[in-house]
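J.: For reference, the structure I am asking about is given below.
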Amino acid sequence: MAEYKVKPRTRDTEIVRTTVWSAGPGCHGTCGVLAHISKGKLVKIEGDPDHPWNQGRLCARCLAMTQYAYHPDRLTRPLKRAGARGEGKWEEISWDEAFSLIENRMGGIKKEYGAESVVFSMGTGRDISPWLCMLAYAYGSPNVMFAMSGNACYSPRIAAVETVLGDYCVPDAAQWLRKRYDDPKYRIPKCLVIWGYNIPNTCPDNIFGHWFIDLMKRGTEILCVDPRLTWFSSRAKHWLRLRPGTDGALAMGFLHEIIHGNLYDRGFVEKWTNAPFLVRKDTGRLLRASDLEKNGSPENFAVWDAAAEKTAVWDSGKADYVSSRPKAALKGNFSVALKDESRIECGTVWDAFCEEVDRYPLERVEEITRVPRKEIRDAARFYAQSKPASIHWGLPIDSTPGITPTAQAITALWCLTGNLEVPGGNVVARNAFECVSYALPGAEGVIRLASKEDDRKRIGIDRYGPFRKFIWRAQTDSVLDQIFSGKPYPVKGLWMQTGNLIAGIGFEPRKWKEAFKKLDFIVAVDLFMTPTTQYADVILPAATFLEKNGVRSWWVPLQSINKAMSVQGCKPDVEINFELAKRFDPNLRWDSVEALFDDILKNSGMTYRELQEKVWVLPPEGNSSAPYFRHEKGLLRKDGRPGFSTPSGKMELYATLREEWNLEPMPHYEEPPFTPVSRPDLAEKYPLILSTGRRSFAFFNAEHRNIPWLRELDPEPTVEIHPDTARSLGISDGEWVWVENWLDRQKFKAKLTIAVQPQMVMAAHGWWFPEEDGAEPSLFGAWKSNANQLIPMGSQGKDGLGAPLKNLLCRVYKVHE
Amino acid sequence: MEKKKTKPEFGLLIDYEYCTGCHACEVACAQEYNHKPGIRGIKVFEVEQALPGGREYLTYFPFPTETCVLCPHLTKEGLDPACVKHCMAACMKFGRVEDLAKEVGRKPRMVLWVPR
Ligand code: SF4
Ligand code: SF4
Ligand code: SF4
């Protein structure tokens, strides 16, 4: 450990090195920090200069930790509801009473209705996801829920990329390397595409936003895709200012330009993708070995061997051809004999893919996206000709029901341009040292359901393919429906851990409020009272990251959260959940939290104590969680063969899994459901495009409104309106306005800005007012400036993913009218 | 008699091309001095402009206020001031005015503050 000179606040100050993750700054980041502790109290926090992730830097929210940790409104005693739900009357109880009460009530529900009748819900989750799973699974319920409609934050993108690539990818900012940008293996990207992301604000998605500024200083040029003016877009070489929600069409336009301009890496296409696989013209589906031979496997595929003029079979299990390597044709029509000796016509995946892409000439893409075709052409060429180039995308990709085909198109971009697994490109992100804490469906995590059978009852799994393969959560919209319908089984209990459904993550929050009323028992675990905790029967006070031990293996580095101090009365989430998990499952596999951490860390060869000493460890080269070129080295597949861990072993331009799920297998564009194009009738009444969800540098979503140093930076809920639009509506800067659509109307302060185009407005999200009365009807002012009241539930895509939170419609008018 | 003014010794050099308006500097200072809300050693301003030729540009501009004392308790020990240390874009530099004055011309969009 390198010595960093620090100046302790006082002589008796002890400095604890730890990792940021969970309540506090609220982000998903991985910053290393030094906590200055004096007499058991945090007196100062600073970034750890020796940590490769943040290199000493730290954001406003983390620097405000002293105000957060010792906030007078922190919950410090378990509370039991004393009045009606929402009445704001509470009785303090001891932890023991709280645990016993919960054990009894939840035990009763399990006995009467089955464990699946309790849903375990979270917001961003952060470090608590595994512990939430641990508790749910120990109780016996598969229903862990990320409470956003269409699960529309990150897991759709991750699932989409895994569908075609077997792994997820992130932009390479040398985060795997000790010396970062100075490592000789690393290349600075010539072009970085920032697609719908204002990432310096709050580092969403486990990426430190300011890395991209580091890269710009080192020569990276930016290609920005964003309807809004952002710091990046104003500094971009190319800025494509698209109509919100049309990202999929733009990506298809890029593919069009790249394929027709012959700017793709043909070698990669032939060798690593399923482009040469044959597609049956009669069914439109992939030709399988089982179509060709009596004993052929339906999991194996076929290509046309141009040399032998016959089909050759690809063995997916071995990720290789069955016999010697054929000269696989990339294009053409072939007459193929099936096992019953009938003949069918087949084409190639590549031809089918190109045919799909050909539906998006730039004229059409311009019409859909409203970006001039010349700008699209120039940008696409710049991306394709920059080596290396990298793409980073944000939540807007998840913000349409067409998320998966959009993500497929963008993934194809980084694959076809030869930017996969190259330094400075898009590289596979795996859990450090393959330490997997909670179970993904199909994968064995350390924390898992007692049997796979139990997973069958997970809400949404029967209807939505990705939930069977990549997403371990319940489908949120289906959960809400099921609370009301009671079908196929009743939902009776809700455990909500650090997620604010009413003011933060739930769309149509009044529906959620009604749903709460239908439930027999609700537990909330949180650090502060929120509009949502008001509906709980029991509230348990949780801890910030400074008050807990934890592990983090989500990508790299492998890290420990080291307890630096405690706040009297509060308990870390992991300890709360562990205690109850033990009560629900006497056979719980670990006898202490430390034993659980040790188990998670097994693959790293380190114990928790050893990791705590080091705080963070980067996986060495050659480990499957460290780049580069892992598909060539056989580091991505369990069998050690080159290729990918997809069903075919190839990068799939035509997604086998989507075919199995009876969904379109190839990328394409789907117009979102509530746009001026899809709903001209609504647009007549609500002529402005309504976007929400832009990040504030001061807050993490619905958090931090009560932290004085932060609230001061962004004191009121604003709606961004273009000055011309505002003028035509008679609205002046700083004036309160109604933003209204068919669901509701909400009050925002007009911010006149050229950041938005005249036809759209951007309303801030996550607003409630901790300074106001918490009891109903006020509910901390949760009903007055809550953008989520204008977003419908139930608009998820065909695969259960995506929600239209950035491409809705509204009208705006002065409050006094 | 003319009031004797001490000659400023130290300053802050800011490369505002890269300042993202993240406000970390503000809160770093607030933490270091436990400032009450409303008091900031440094304040970040936003300037957005439609440029001729149809481009738009967003600039953030950190400005050390009357409250900035340049963190002598840290700099005396060879450490960076709290704001400089935490600047997320690493676009601030503390130093002797004459050294920073030489650097200010290194590239465009720089500003040298000499708060006291
Ligand atoms: S938001 Fe970014 S800078 Fe702040 S703690 Fe999280 S990862 Fe670190
Ligand atoms: S130099 Fe010190 S006193 Fe001045 S703004 Fe920065 S942190 Fe505050
Ligand atoms: S910390 Fe740095 S990047 Fe952030 S606002 Fe201050 S000067 Fe700008």
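Ordering of the structure tokens sets the chain letters (A, B, ...); residue numbers start at 1 within each chain; ligands are numbered from 1 in the order shown.
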I'd like the contact shell of stretch 235-252 of chain A - 6 Å cut-off, only C-alpha atoms, skipping same-chain residues fewer than 3 positions apart - returned as a tab-separated table (two decimals) with N, CA and C atoms, in the first residue's frame.
T.:
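Just written: around-v5.tsv:
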```tsv
chain	number	residue	atom	x	y	z
A	222	ILE	N	-15.29	13.16	-28.74
A	222	ILE	CA	-16.61	12.70	-28.31
A	222	ILE	C	-17.61	12.73	-29.45
A	223	LEU	N	-18.37	11.65	-29.52
A	223	LEU	CA	-19.55	11.62	-30.40
A	223	LEU	C	-20.73	11.50	-29.44
A	224	CYS	N	-21.56	12.52	-29.40
A	224	CYS	CA	-22.59	12.54	-28.38
A	224	CYS	C	-23.97	12.35	-29.01
A	225	VAL	N	-24.72	11.43	-28.46
A	225	VAL	CA	-26.10	11.22	-28.90
A	225	VAL	C	-26.98	11.64	-27.75
A	226	ASP	N	-27.66	12.75	-27.89
A	226	ASP	CA	-28.46	13.27	-26.78
A	226	ASP	C	-29.40	14.34	-27.27
A	227	PRO	N	-30.67	14.28	-26.89
A	227	PRO	CA	-31.56	15.38	-27.27
A	227	PRO	C	-31.24	16.67	-26.51
A	232	PHE	N	-21.01	17.20	-22.31
A	232	PHE	CA	-20.37	16.44	-23.38
A	232	PHE	C	-20.82	16.90	-24.75
A	255	LEU	N	-25.58	1.36	-38.54
A	255	LEU	CA	-25.24	0.05	-39.13
A	255	LEU	C	-25.34	0.13	-40.66
A	365	VAL	N	-34.08	7.26	-41.56
A	365	VAL	CA	-33.59	7.50	-40.20
A	365	VAL	C	-33.71	8.98	-39.85
A	369	THR	N	-35.65	10.15	-36.62
A	369	THR	CA	-34.89	10.74	-35.50
A	369	THR	C	-34.86	12.26	-35.53
A	370	ARG	N	-35.14	12.85	-36.71
A	370	ARG	CA	-35.04	14.30	-36.95
A	370	ARG	C	-33.59	14.78	-36.92
A	371	VAL	N	-32.64	13.87	-37.09
A	371	VAL	CA	-31.25	14.28	-37.21
A	371	VAL	C	-30.92	14.31	-38.70
A	379	ALA	N	-21.05	11.12	-38.59
A	379	ALA	CA	-20.80	10.57	-37.26
A	379	ALA	C	-20.54	9.07	-37.34
A	406	THR	N	-32.91	-2.34	-29.70
A	406	THR	CA	-32.01	-1.17	-29.75
A	406	THR	C	-30.62	-1.56	-29.26
A	409	ALA	N	-28.69	-3.60	-31.67
A	409	ALA	CA	-28.10	-2.81	-32.76
A	409	ALA	C	-26.81	-2.15	-32.30
A	410	ILE	N	-26.82	-1.61	-31.08
A	410	ILE	CA	-25.63	-0.90	-30.61
A	410	ILE	C	-24.51	-1.89	-30.31
A	669	TYR	N	-36.05	-1.12	-35.10
A	669	TYR	CA	-36.56	0.03	-34.35
A	669	TYR	C	-38.04	-0.14	-34.06
A	807	ASN	N	-39.97	9.58	-23.24
A	807	ASN	CA	-40.59	9.92	-24.52
A	807	ASN	C	-42.10	9.90	-24.40
```
J.: Apply DSSP to the backbone of this structure and, from stretch 210-314 of chain A, keep only the residues in alpha helix (DSSP H); write these as a ChimeraX atom specification.
T.: /A:211-217,231-234,247-260,266-272,289-292
J.: Kindly save the residues from that selection, with N, CA, C and O atoms included, as a CSV table (one decimal), in the first residue's frame.
T.:
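Final file, out.csv:
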```
chain,number,residue,atom,x,y,z
A,211,TRP,N,-14.0,9.6,-15.7
A,211,TRP,CA,-12.9,9.0,-16.5
A,211,TRP,C,-13.0,9.5,-17.9
A,211,TRP,O,-11.9,9.6,-18.6
A,212,PHE,N,-14.2,9.8,-18.4
A,212,PHE,CA,-14.3,10.2,-19.8
A,212,PHE,C,-13.6,11.6,-20.0
A,212,PHE,O,-13.2,11.9,-21.1
A,213,ILE,N,-13.6,12.4,-18.9
A,213,ILE,CA,-12.9,13.7,-19.0
A,213,ILE,C,-11.4,13.4,-19.0
A,213,ILE,O,-10.7,14.1,-19.8
A,214,ASP,N,-11.0,12.4,-18.2
A,214,ASP,CA,-9.6,12.1,-18.3
A,214,ASP,C,-9.2,11.7,-19.7
A,214,ASP,O,-8.1,12.1,-20.2
A,215,LEU,N,-10.1,10.9,-20.3
A,215,LEU,CA,-9.8,10.5,-21.7
A,215,LEU,C,-9.7,11.7,-22.7
A,215,LEU,O,-8.9,11.7,-23.6
A,216,MET,N,-10.7,12.6,-22.5
A,216,MET,CA,-10.7,13.7,-23.4
A,216,MET,C,-9.4,14.5,-23.3
A,216,MET,O,-8.9,15.0,-24.3
A,217,LYS,N,-8.9,14.7,-22.1
A,217,LYS,CA,-7.7,15.4,-21.9
A,217,LYS,C,-6.5,14.7,-22.6
A,217,LYS,O,-5.5,15.3,-22.9
A,231,TRP,N,-22.8,18.8,-21.0
A,231,TRP,CA,-21.4,19.2,-21.0
A,231,TRP,C,-20.7,18.5,-22.1
A,231,TRP,O,-19.9,19.1,-22.9
A,232,PHE,N,-21.0,17.2,-22.3
A,232,PHE,CA,-20.4,16.4,-23.4
A,232,PHE,C,-20.8,16.9,-24.8
A,232,PHE,O,-20.0,17.1,-25.7
A,233,SER,N,-22.1,17.1,-24.9
A,233,SER,CA,-22.6,17.4,-26.3
A,233,SER,C,-22.0,18.8,-26.7
A,233,SER,O,-21.7,19.0,-27.9
A,234,SER,N,-21.8,19.7,-25.8
A,234,SER,CA,-21.3,21.0,-26.2
A,234,SER,C,-19.8,20.9,-26.6
A,234,SER,O,-19.3,21.8,-27.2
A,247,ASP,N,-33.5,6.2,-30.5
A,247,ASP,CA,-32.2,5.7,-30.5
A,247,ASP,C,-32.0,4.5,-31.3
A,247,ASP,O,-31.0,4.3,-32.0
A,248,GLY,N,-33.0,3.6,-31.3
A,248,GLY,CA,-32.9,2.4,-32.1
A,248,GLY,C,-32.8,2.7,-33.6
A,248,GLY,O,-32.0,2.0,-34.3
A,249,ALA,N,-33.6,3.6,-34.1
A,249,ALA,CA,-33.5,4.0,-35.5
A,249,ALA,C,-32.1,4.6,-35.8
A,249,ALA,O,-31.5,4.2,-36.9
A,250,LEU,N,-31.6,5.4,-34.9
A,250,LEU,CA,-30.3,5.9,-35.2
A,250,LEU,C,-29.2,4.8,-35.2
A,250,LEU,O,-28.4,4.9,-36.1
A,251,ALA,N,-29.3,3.9,-34.3
A,251,ALA,CA,-28.3,2.8,-34.3
A,251,ALA,C,-28.4,2.0,-35.6
A,251,ALA,O,-27.4,1.6,-36.2
A,252,MET,N,-29.6,1.8,-36.1
A,252,MET,CA,-29.8,1.1,-37.4
A,252,MET,C,-29.2,1.9,-38.5
A,252,MET,O,-28.6,1.3,-39.4
A,253,GLY,N,-29.4,3.2,-38.5
A,253,GLY,CA,-28.8,4.1,-39.5
A,253,GLY,C,-27.3,4.0,-39.5
A,253,GLY,O,-26.6,3.9,-40.5
A,254,PHE,N,-26.7,3.9,-38.3
A,254,PHE,CA,-25.2,3.7,-38.2
A,254,PHE,C,-24.8,2.4,-38.8
A,254,PHE,O,-23.9,2.4,-39.6
A,255,LEU,N,-25.6,1.4,-38.5
A,255,LEU,CA,-25.2,0.1,-39.1
A,255,LEU,C,-25.3,0.1,-40.7
A,255,LEU,O,-24.5,-0.4,-41.4
A,256,HIS,N,-26.4,0.8,-41.1
A,256,HIS,CA,-26.6,1.0,-42.6
A,256,HIS,C,-25.4,1.6,-43.2
A,256,HIS,O,-24.8,1.1,-44.2
A,257,GLU,N,-24.9,2.7,-42.6
A,257,GLU,CA,-23.8,3.5,-43.2
A,257,GLU,C,-22.5,2.6,-43.1
A,257,GLU,O,-21.7,2.6,-44.0
A,258,ILE,N,-22.4,1.9,-42.0
A,258,ILE,CA,-21.1,1.1,-41.8
A,258,ILE,C,-21.1,-0.1,-42.7
A,258,ILE,O,-20.0,-0.4,-43.3
A,259,ILE,N,-22.2,-0.7,-42.9
A,259,ILE,CA,-22.2,-1.9,-43.8
A,259,ILE,C,-22.1,-1.5,-45.3
A,259,ILE,O,-21.3,-2.0,-46.0
A,260,HIS,N,-22.9,-0.5,-45.7
A,260,HIS,CA,-22.8,0.0,-47.1
A,260,HIS,C,-21.5,0.7,-47.4
A,260,HIS,O,-21.1,0.7,-48.5
A,266,ARG,N,-14.6,-7.5,-41.6
A,266,ARG,CA,-15.2,-8.7,-42.2
A,266,ARG,C,-14.6,-10.0,-41.5
A,266,ARG,O,-15.3,-11.0,-41.3
A,267,GLY,N,-13.4,-9.9,-41.2
A,267,GLY,CA,-12.8,-11.0,-40.5
A,267,GLY,C,-13.5,-11.4,-39.2
A,267,GLY,O,-13.8,-12.6,-39.0
A,268,PHE,N,-13.9,-10.4,-38.5
A,268,PHE,CA,-14.6,-10.6,-37.2
A,268,PHE,C,-15.9,-11.2,-37.5
A,268,PHE,O,-16.4,-12.2,-36.9
A,269,VAL,N,-16.6,-10.7,-38.5
A,269,VAL,CA,-18.0,-11.1,-38.8
A,269,VAL,C,-17.9,-12.6,-39.2
A,269,VAL,O,-18.7,-13.4,-38.7
A,270,GLU,N,-16.9,-13.0,-40.0
A,270,GLU,CA,-16.9,-14.4,-40.5
A,270,GLU,C,-16.5,-15.3,-39.4
A,270,GLU,O,-17.0,-16.4,-39.3
A,271,LYS,N,-15.5,-14.9,-38.6
A,271,LYS,CA,-15.0,-15.8,-37.6
A,271,LYS,C,-15.8,-15.9,-36.3
A,271,LYS,O,-15.9,-17.0,-35.7
A,272,TRP,N,-16.2,-14.8,-35.8
A,272,TRP,CA,-16.8,-14.7,-34.5
A,272,TRP,C,-18.3,-14.6,-34.4
A,272,TRP,O,-18.8,-14.7,-33.3
A,289,ALA,N,-29.2,-28.5,-36.8
A,289,ALA,CA,-28.7,-29.8,-37.2
A,289,ALA,C,-29.9,-30.8,-37.1
A,289,ALA,O,-29.9,-31.8,-37.9
A,290,SER,N,-30.8,-30.6,-36.2
A,290,SER,CA,-31.9,-31.5,-36.1
A,290,SER,C,-32.8,-31.5,-37.3
A,290,SER,O,-33.6,-32.4,-37.6
A,291,ASP,N,-32.7,-30.4,-38.1
A,291,ASP,CA,-33.5,-30.4,-39.4
A,291,ASP,C,-32.8,-31.2,-40.4
A,291,ASP,O,-33.4,-31.7,-41.4
A,292,LEU,N,-31.5,-31.4,-40.3
A,292,LEU,CA,-30.7,-32.0,-41.3
A,292,LEU,C,-30.5,-33.5,-41.1
A,292,LEU,O,-30.5,-34.3,-42.1
```
J.: Hey, which of A:Phe697, A:Thr230, A:Ser625, A:Gly504 ends up closest to ligand 3? Count only C-alpha atoms and all ligand atoms.
T.: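 Looking at the shortest contact to ligand 3, the residue is A:Phe697.
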J.: Can you tell me, as a list of chain:residue names, what residues are no more than 10 Å from B:Tyr33 when counting only C-alpha atoms, ignoring any on the same chain fewer than 5 positions away?
T.: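 Neighbouring residues, sequence-local ones excluded: B:Val27, B:Ala28, B:Arg40, B:Gly41, B:Thr67, B:Cys68, B:Cys71, B:Ala82.
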J.: Output N, CA, C and O atoms of each residue in that selection to a file, as an mmCIF file, in the first residue's frame.
T.:
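That gives us out_17.cif:
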```
data_model
loop_
_atom_site.group_PDB
_atom_site.id
_atom_site.type_symbol
_atom_site.label_atom_id
_atom_site.label_comp_id
_atom_site.auth_asym_id
_atom_site.auth_seq_id
_atom_site.Cartn_x
_atom_site.Cartn_y
_atom_site.Cartn_z
ATOM 1 N N VAL B 27 -18.565 21.473 -2.084
ATOM 2 C CA VAL B 27 -18.886 20.682 -0.896
ATOM 3 C C VAL B 27 -17.603 20.256 -0.174
ATOM 4 O O VAL B 27 -17.582 20.151 1.047
ATOM 5 N N ALA B 28 -16.527 20.070 -0.931
ATOM 6 C CA ALA B 28 -15.245 19.752 -0.280
ATOM 7 C C ALA B 28 -14.862 20.882 0.666
ATOM 8 O O ALA B 28 -14.421 20.662 1.799
ATOM 9 N N ARG B 40 -20.082 29.452 0.963
ATOM 10 C CA ARG B 40 -19.257 28.591 0.135
ATOM 11 C C ARG B 40 -17.909 29.277 -0.073
ATOM 12 O O ARG B 40 -17.878 30.457 -0.382
ATOM 13 N N GLY B 41 -16.832 28.524 0.073
ATOM 14 C CA GLY B 41 -15.518 29.081 -0.217
ATOM 15 C C GLY B 41 -15.329 29.256 -1.710
ATOM 16 O O GLY B 41 -14.576 30.091 -2.185
ATOM 17 N N THR B 67 -14.801 33.966 1.156
ATOM 18 C CA THR B 67 -14.574 33.009 2.246
ATOM 19 C C THR B 67 -13.363 32.111 1.997
ATOM 20 O O THR B 67 -12.906 31.431 2.891
ATOM 21 N N CYS B 68 -12.872 32.097 0.787
ATOM 22 C CA CYS B 68 -11.748 31.194 0.472
ATOM 23 C C CYS B 68 -10.480 31.688 1.161
ATOM 24 O O CYS B 68 -10.077 32.837 0.986
ATOM 25 N N CYS B 71 -6.832 27.285 2.190
ATOM 26 C CA CYS B 71 -6.470 26.088 2.955
ATOM 27 C C CYS B 71 -5.023 26.028 3.446
ATOM 28 O O CYS B 71 -4.321 25.045 3.190
ATOM 29 N N ALA B 82 -8.630 21.457 -0.145
ATOM 30 C CA ALA B 82 -9.693 20.450 -0.211
ATOM 31 C C ALA B 82 -10.384 20.437 -1.569
ATOM 32 O O ALA B 82 -10.676 19.378 -2.124
#
```
J.: Which value, in Å to one decimal, gives the distance between atom CA of A:Leu611 and atom CA of A:Arg637?
T.: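 Here the two named atoms are 27.0 Å from each other.
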J.: Could you go through chain B and tell me which residues DSSP, when run on the backbone, assigns to strand (DSSP E), listing them as number ranges by chain?
T.: B: 10-15, 42-50, 56-64, 92-96, 110-113
J.: Export, as a short mmCIF file (atom, residue, chain, number, x, y, z; two decimals), in the first residue's frame, the selected residues with N, CA, C and O atoms.
T.:
```cif
data_model
loop_
_atom_site.label_atom_id
_atom_site.label_comp_id
_atom_site.auth_asym_id
_atom_site.auth_seq_id
_atom_site.Cartn_x
_atom_site.Cartn_y
_atom_site.Cartn_z
N PHE B 10 -0.21 32.98 -3.12
CA PHE B 10 -0.72 31.75 -3.74
C PHE B 10 -2.01 32.00 -4.51
O PHE B 10 -2.72 32.98 -4.27
N GLY B 11 -2.28 31.08 -5.41
CA GLY B 11 -3.50 31.21 -6.20
C GLY B 11 -4.06 29.86 -6.62
O GLY B 11 -3.51 28.81 -6.29
N LEU B 12 -5.16 29.93 -7.34
CA LEU B 12 -5.80 28.72 -7.89
C LEU B 12 -5.87 28.88 -9.40
O LEU B 12 -6.42 29.86 -9.90
N LEU B 13 -5.33 27.91 -10.10
CA LEU B 13 -5.38 27.92 -11.56
C LEU B 13 -6.46 26.93 -11.99
O LEU B 13 -6.47 25.78 -11.55
N ILE B 14 -7.37 27.41 -12.80
CA ILE B 14 -8.48 26.54 -13.18
C ILE B 14 -8.58 26.42 -14.70
O ILE B 14 -8.60 27.42 -15.42
N ASP B 15 -8.60 25.18 -15.14
CA ASP B 15 -8.78 24.89 -16.56
C ASP B 15 -10.27 24.67 -16.77
O ASP B 15 -10.77 23.56 -16.62
N ILE B 42 -16.04 28.42 -2.46
CA ILE B 42 -15.95 28.51 -3.91
C ILE B 42 -17.35 28.24 -4.46
O ILE B 42 -18.11 27.46 -3.87
N LYS B 43 -17.69 28.93 -5.52
CA LYS B 43 -19.02 28.75 -6.10
C LYS B 43 -18.87 28.51 -7.59
O LYS B 43 -18.03 29.12 -8.24
N VAL B 44 -19.71 27.62 -8.09
CA VAL B 44 -19.61 27.26 -9.50
C VAL B 44 -20.80 27.86 -10.26
O VAL B 44 -21.94 27.67 -9.87
N PHE B 45 -20.50 28.59 -11.31
CA PHE B 45 -21.55 29.20 -12.13
C PHE B 45 -21.69 28.49 -13.47
O PHE B 45 -20.72 27.94 -13.97
N GLU B 46 -22.90 28.56 -13.98
CA GLU B 46 -23.16 27.93 -15.28
C GLU B 46 -23.42 29.01 -16.31
O GLU B 46 -24.19 29.93 -16.05
N VAL B 47 -22.78 28.88 -17.44
CA VAL B 47 -23.04 29.81 -18.54
C VAL B 47 -23.39 28.97 -19.76
O VAL B 47 -22.59 28.16 -20.21
N GLU B 48 -24.62 29.14 -20.26
CA GLU B 48 -24.94 28.42 -21.50
C GLU B 48 -25.20 29.43 -22.58
O GLU B 48 -25.82 30.46 -22.35
N GLN B 49 -24.68 29.13 -23.74
CA GLN B 49 -24.75 30.12 -24.81
C GLN B 49 -25.00 29.46 -26.14
O GLN B 49 -24.43 28.41 -26.43
N ALA B 50 -25.87 30.09 -26.93
CA ALA B 50 -26.01 29.68 -28.32
C ALA B 50 -24.95 30.47 -29.08
O ALA B 50 -24.95 31.70 -29.06
N GLU B 56 -24.14 25.20 -29.56
CA GLU B 56 -24.43 25.63 -28.20
C GLU B 56 -23.26 25.20 -27.32
O GLU B 56 -22.63 24.19 -27.59
N TYR B 57 -23.03 25.97 -26.29
CA TYR B 57 -21.89 25.64 -25.43
C TYR B 57 -22.25 25.87 -23.97
O TYR B 57 -22.94 26.82 -23.62
N LEU B 58 -21.78 24.95 -23.16
CA LEU B 58 -22.07 24.97 -21.74
C LEU B 58 -20.74 25.13 -21.01
O LEU B 58 -19.84 24.32 -21.19
N THR B 59 -20.63 26.18 -20.23
CA THR B 59 -19.39 26.40 -19.49
C THR B 59 -19.69 26.43 -18.00
O THR B 59 -20.71 26.99 -17.60
N TYR B 60 -18.83 25.83 -17.23
CA TYR B 60 -18.92 25.97 -15.78
C TYR B 60 -17.70 26.71 -15.30
O TYR B 60 -16.60 26.52 -15.82
N PHE B 61 -17.93 27.50 -14.29
CA PHE B 61 -16.95 28.49 -13.93
C PHE B 61 -16.84 28.58 -12.41
O PHE B 61 -17.68 29.18 -11.76
N PRO B 62 -15.81 27.94 -11.84
CA PRO B 62 -15.66 27.99 -10.38
C PRO B 62 -14.99 29.30 -9.94
O PRO B 62 -14.01 29.72 -10.53
N PHE B 63 -15.57 29.89 -8.94
CA PHE B 63 -15.11 31.21 -8.49
C PHE B 63 -14.90 31.19 -6.98
O PHE B 63 -15.85 31.01 -6.22
N PRO B 64 -13.64 31.35 -6.52
CA PRO B 64 -13.41 31.38 -5.08
C PRO B 64 -13.93 32.68 -4.47
O PRO B 64 -13.62 33.76 -4.97
N MET B 92 -8.20 21.78 -11.36
CA MET B 92 -7.78 22.88 -10.50
C MET B 92 -6.35 22.62 -10.04
O MET B 92 -5.95 21.48 -9.84
N LYS B 93 -5.63 23.71 -9.86
CA LYS B 93 -4.27 23.57 -9.38
C LYS B 93 -3.97 24.69 -8.39
O LYS B 93 -4.32 25.84 -8.63
N PHE B 94 -3.32 24.31 -7.31
CA PHE B 94 -2.91 25.30 -6.32
C PHE B 94 -1.41 25.53 -6.50
O PHE B 94 -0.67 24.61 -6.81
N GLY B 95 -0.96 26.77 -6.30
CA GLY B 95 0.49 27.00 -6.39
C GLY B 95 0.84 28.45 -6.12
O GLY B 95 -0.01 29.26 -5.76
N ARG B 96 2.12 28.72 -6.28
CA ARG B 96 2.58 30.11 -6.16
C ARG B 96 2.11 30.89 -7.38
O ARG B 96 2.14 30.38 -8.50
N MET B 110 -8.33 29.08 -19.54
CA MET B 110 -7.75 28.95 -18.20
C MET B 110 -8.03 30.25 -17.46
O MET B 110 -8.15 31.32 -18.06
N VAL B 111 -8.08 30.13 -16.14
CA VAL B 111 -8.21 31.33 -15.35
C VAL B 111 -7.38 31.17 -14.08
O VAL B 111 -7.29 30.08 -13.52
N LEU B 112 -6.74 32.23 -13.70
CA LEU B 112 -5.93 32.21 -12.48
C LEU B 112 -6.59 33.12 -11.45
O LEU B 112 -6.77 34.32 -11.69
N TRP B 113 -6.99 32.52 -10.35
CA TRP B 113 -7.60 33.30 -9.27
C TRP B 113 -6.56 33.56 -8.19
O TRP B 113 -5.83 32.64 -7.80
#
```
J.: Quick one: residues within 6 Å of ligand 1, with only C-alpha atoms and all ligand atoms, as a PyMOL selection string?
T.: chain A and resi 20+25+27+29-31+58-59+62+202-203+208
J.: With C-alpha atoms retained, export the selected residues as a short mmCIF file (atom, residue, chain, number, x, y, z; two decimals), in the first residue's frame.
T.:
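This is the output file again-v2.cif:
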```cif
data_model
loop_
_atom_site.label_atom_id
_atom_site.label_comp_id
_atom_site.auth_asym_id
_atom_site.auth_seq_id
_atom_site.Cartn_x
_atom_site.Cartn_y
_atom_site.Cartn_z
CA VAL A 20 -18.17 3.51 -1.24
CA PRO A 25 -23.73 8.96 -1.89
CA CYS A 27 -24.38 5.62 -6.36
CA GLY A 29 -19.67 3.51 -7.73
CA THR A 30 -16.61 1.98 -6.34
CA CYS A 31 -14.71 4.94 -5.00
CA LEU A 58 -14.76 12.46 -4.66
CA CYS A 59 -18.18 13.80 -5.56
CA CYS A 62 -19.89 11.62 -0.76
CA THR A 202 -23.76 10.60 -10.02
CA CYS A 203 -21.73 7.97 -11.90
CA PHE A 208 -16.90 6.75 -12.82
#
```
J.: Tell me, counting only C-alpha atoms and all ligand atoms, for each residue of chain B within 6 Å of ligand 3, which pair of atoms is nearest and how far apart they are in Å to one decimal, in rows ordered by chain and increasing number, as a tab-separated table.
T.:
```
residue	atom	partner	partner_atom_place_in_ligand_line	distance
B:Cys19	CA	ligand 3	8 (Fe)	3.7
B:Thr20	CA	ligand 3	3 (S)	4.5
B:Gly21	CA	ligand 3	5 (S)	3.7
B:Cys22	CA	ligand 3	4 (Fe)	3.9
B:His23	CA	ligand 3	5 (S)	4.0
B:Ala24	CA	ligand 3	1 (S)	4.2
B:Cys25	CA	ligand 3	1 (S)	4.0
B:Val44	CA	ligand 3	5 (S)	5.9
B:Pro62	CA	ligand 3	7 (S)	5.5
B:Cys87	CA	ligand 3	1 (S)	3.5
B:Met88	CA	ligand 3	1 (S)	5.1
B:Ala89	CA	ligand 3	3 (S)	4.4
B:Cys91	CA	ligand 3	2 (Fe)	5.7
```
